[in-house]
Amino acid sequence: MPYTDPIVLGLLLVSLIGSLVFQWRRGLRGGRLAVVAIAMFYGLAAIIALGMHILDVLYGYSHRNTSFATGKPFAWDWHTYSLLLFGVLMVWFGGQCLRLALRLGRGDTSARSEFLRFSSVMLLIVVPLIPIQALFGVVAAGLSVIALLVVGLGGRA
């Protein structure tokens with residue numbers, strides 16, 4: 001799909017700024033603002049990147065583009081199905097992290113442990129991808145580690 005990377009990068013920048021502005025307008029300041037904004041950005045990043053991944057796979061399938069991994073045109077097979085399933089799973093996890101980040105912003109202390117659990121599972125899912133798709137695997141694992149550290153260390157009451 002054309003222009004995928006610039007679209008994703010632009011949406012990520014908007015989501016980072018939007019997370020900060022949204023929580024600032026809700027009255028958060030200082031360290032709590034940073035923790036919640038990073039948690040929101042983490043969830044939004046997963047939704048944006050993997051949402052675009054799903055659209056990219058569907059575009060490749062509908063246009064019979066050549067897969068960079070297999071070198072063959074996209075077809076309805078296990079590879080395409082697993083790429084779509086992975087994308088849907090990660091968008092769902094991103095949605096859960098976003099929901100929990102919003103709860104953190106409202107002062108719900110139970111959301112912190114749930115957020116840490118979801119982001120840990122996401123980390124466990126993306127680390128094995130590093131040898132398969134190094135760029136996405138490293139970026140996703142790095143974002144997961146950052147989210148875990150920020151919310152784990154900075155999100156304490």
# chains A, B, ... in the order shown; residues from 1 in each chain; ligands from 1
$ select_by_dssp --residues "chain A" --states "helix (DSSP H, G or I)" --output "ChimeraX atom specification"
/A:4-25,30-62,78-105,110-129,134-154
$ residues_around --residues "Ala34 (chain A)" --least-positions-apart "4" --cutoff "9 Å" --atoms "only C-alpha atoms" --output "list of chain:residue names"
A:Leu20, A:Leu28, A:Arg29, A:Gly30, A:Ile38, A:Ala39, A:Val150, A:Gly154
$ residues_around --residues "region 68-81 of chain A" --least-positions-apart "6" --cutoff "8 Å" --atoms "only C-alpha atoms" --output "PyMOL selection string"
chain A and resi 57+60-61
$ closest_atom_pairs --of "region 10-61 of chain A" --to "region 102-114 of chain A" --cutoff "12 Å" --atoms "only C-alpha atoms" --output "CSV"
residue,atom,partner,partner_atom,distance
A:Ser19,CA,A:Leu102,CA,9.9
A:Leu20,CA,A:Gly105,CA,11.1
A:Phe22,CA,A:Gly105,CA,10.0
A:Gln23,CA,A:Gly105,CA,7.0
A:Trp24,CA,A:Gly105,CA,10.0
A:Arg25,CA,A:Gly105,CA,11.3
A:Arg26,CA,A:Gly105,CA,8.3
A:Gly27,CA,A:Gly105,CA,9.2
A:Leu28,CA,A:Gly105,CA,7.4
A:Arg29,CA,A:Gly105,CA,10.5
A:Gly31,CA,A:Gly105,CA,11.6
A:Arg32,CA,A:Gly105,CA,7.9
A:Leu33,CA,A:Gly105,CA,7.9
A:Ala34,CA,A:Gly105,CA,10.3
A:Val35,CA,A:Leu104,CA,8.8
A:Val36,CA,A:Gly105,CA,5.8
A:Ala37,CA,A:Gly105,CA,8.5
A:Ile38,CA,A:Gly105,CA,11.0
A:Ala39,CA,A:Leu102,CA,8.6
A:Met40,CA,A:Leu102,CA,7.1
A:Phe41,CA,A:Leu102,CA,10.8
A:Tyr42,CA,A:Leu102,CA,11.9
A:Gly43,CA,A:Leu102,CA,10.2
A:Leu44,CA,A:Leu102,CA,11.5
$ write_last_selection --atoms "N, CA, C and O atoms" --output "compact mmCIF listing (two decimals), in the first residue's frame"
# COMPACT_ATOMS: atom_id res chain seq x y z
N SER A 19 -2.30 12.68 23.14
CA SER A 19 -2.35 12.08 24.47
C SER A 19 -1.97 13.09 25.55
O SER A 19 -2.62 13.18 26.59
N LEU A 20 -0.92 13.85 25.28
CA LEU A 20 -0.49 14.88 26.24
C LEU A 20 -1.56 15.97 26.40
O LEU A 20 -1.92 16.33 27.52
N PHE A 22 -4.79 15.85 25.68
CA PHE A 22 -6.02 15.31 26.26
C PHE A 22 -5.91 15.22 27.78
O PHE A 22 -6.81 15.67 28.50
N GLN A 23 -4.83 14.66 28.27
CA GLN A 23 -4.67 14.51 29.72
C GLN A 23 -4.39 15.85 30.39
O GLN A 23 -4.79 16.07 31.53
N TRP A 24 -3.70 16.76 29.72
CA TRP A 24 -3.46 18.10 30.26
C TRP A 24 -4.80 18.81 30.46
O TRP A 24 -5.04 19.41 31.51
N ARG A 25 -5.67 18.70 29.46
CA ARG A 25 -6.98 19.36 29.57
C ARG A 25 -7.85 18.72 30.65
O ARG A 25 -8.74 19.35 31.18
N ARG A 26 -7.58 17.47 30.99
CA ARG A 26 -8.32 16.80 32.06
C ARG A 26 -7.74 17.12 33.43
O ARG A 26 -8.24 16.64 34.43
N GLY A 27 -6.65 17.87 33.46
CA GLY A 27 -6.12 18.35 34.73
C GLY A 27 -4.89 17.63 35.24
O GLY A 27 -4.40 17.95 36.33
N LEU A 28 -4.33 16.71 34.49
CA LEU A 28 -3.12 16.02 34.96
C LEU A 28 -1.91 16.92 34.72
O LEU A 28 -1.83 17.63 33.73
N ARG A 29 -0.96 16.84 35.65
CA ARG A 29 0.26 17.62 35.55
C ARG A 29 1.43 16.79 36.05
O ARG A 29 1.26 15.79 36.74
N GLY A 31 4.55 14.40 36.74
CA GLY A 31 4.89 13.00 36.47
C GLY A 31 3.68 12.16 36.11
O GLY A 31 3.78 11.26 35.26
N ARG A 32 2.56 12.43 36.75
CA ARG A 32 1.36 11.65 36.44
C ARG A 32 0.91 11.88 34.99
O ARG A 32 0.47 10.96 34.32
N LEU A 33 1.04 13.12 34.52
CA LEU A 33 0.73 13.43 33.12
C LEU A 33 1.63 12.62 32.19
O LEU A 33 1.15 12.02 31.22
N ALA A 34 2.92 12.58 32.50
CA ALA A 34 3.86 11.83 31.65
C ALA A 34 3.52 10.34 31.64
O ALA A 34 3.52 9.73 30.57
N VAL A 35 3.25 9.76 32.80
CA VAL A 35 2.95 8.33 32.89
C VAL A 35 1.71 7.99 32.07
O VAL A 35 1.71 7.06 31.26
N VAL A 36 0.65 8.75 32.28
CA VAL A 36 -0.61 8.44 31.59
C VAL A 36 -0.50 8.71 30.09
O VAL A 36 -1.01 7.94 29.27
N ALA A 37 0.20 9.78 29.70
CA ALA A 37 0.36 10.08 28.28
C ALA A 37 1.18 9.00 27.58
O ALA A 37 0.84 8.59 26.46
N ILE A 38 2.22 8.50 28.23
CA ILE A 38 3.01 7.41 27.64
C ILE A 38 2.17 6.14 27.54
O ILE A 38 2.22 5.43 26.53
N ALA A 39 1.37 5.86 28.56
CA ALA A 39 0.51 4.68 28.53
C ALA A 39 -0.52 4.81 27.40
O ALA A 39 -0.78 3.84 26.67
N MET A 40 -1.10 5.99 27.25
CA MET A 40 -2.06 6.21 26.16
C MET A 40 -1.37 6.06 24.80
O MET A 40 -1.91 5.42 23.90
N PHE A 41 -0.20 6.66 24.67
CA PHE A 41 0.53 6.58 23.41
C PHE A 41 0.85 5.13 23.06
O PHE A 41 0.76 4.73 21.90
N TYR A 42 1.22 4.34 24.05
CA TYR A 42 1.54 2.93 23.82
C TYR A 42 0.33 2.19 23.22
O TYR A 42 0.46 1.49 22.23
N GLY A 43 -0.84 2.38 23.83
CA GLY A 43 -2.04 1.74 23.30
C GLY A 43 -2.39 2.24 21.91
O GLY A 43 -2.70 1.46 21.01
N LEU A 44 -2.31 3.56 21.72
CA LEU A 44 -2.62 4.13 20.40
C LEU A 44 -1.61 3.69 19.35
O LEU A 44 -1.98 3.45 18.19
$ residues_around --residues "Ala49 (chain A)" --least-positions-apart "5" --cutoff "9 Å" --atoms "only C-alpha atoms" --output "count of residues only"
8
$ residues_around --residues "Gly51 (chain A)" --least-positions-apart "4" --cutoff "12 Å" --atoms "only C-alpha atoms" --output "number ranges by chain"
A: 4, 7-8, 11, 43-47, 55-58, 83-95
$ closest_residue --among "A:Ser82, A:Gln96, A:Ser62, A:Ser120" --to "Leu149 (chain A)" --atoms "only C-alpha atoms"
A:Ser120
$ residues_around --residues "Val127 (chain A)" --least-positions-apart "3" --cutoff "10 Å" --atoms "only C-alpha atoms" --output "ChimeraX atom specification"
/A:122-124,130-132,134,136-142,144
$ closest_residue --among "A:Leu148, A:Met52, A:Phe118, A:Ile125" --to "Leu98 (chain A)" --atoms "only C-alpha atoms"
A:Phe118
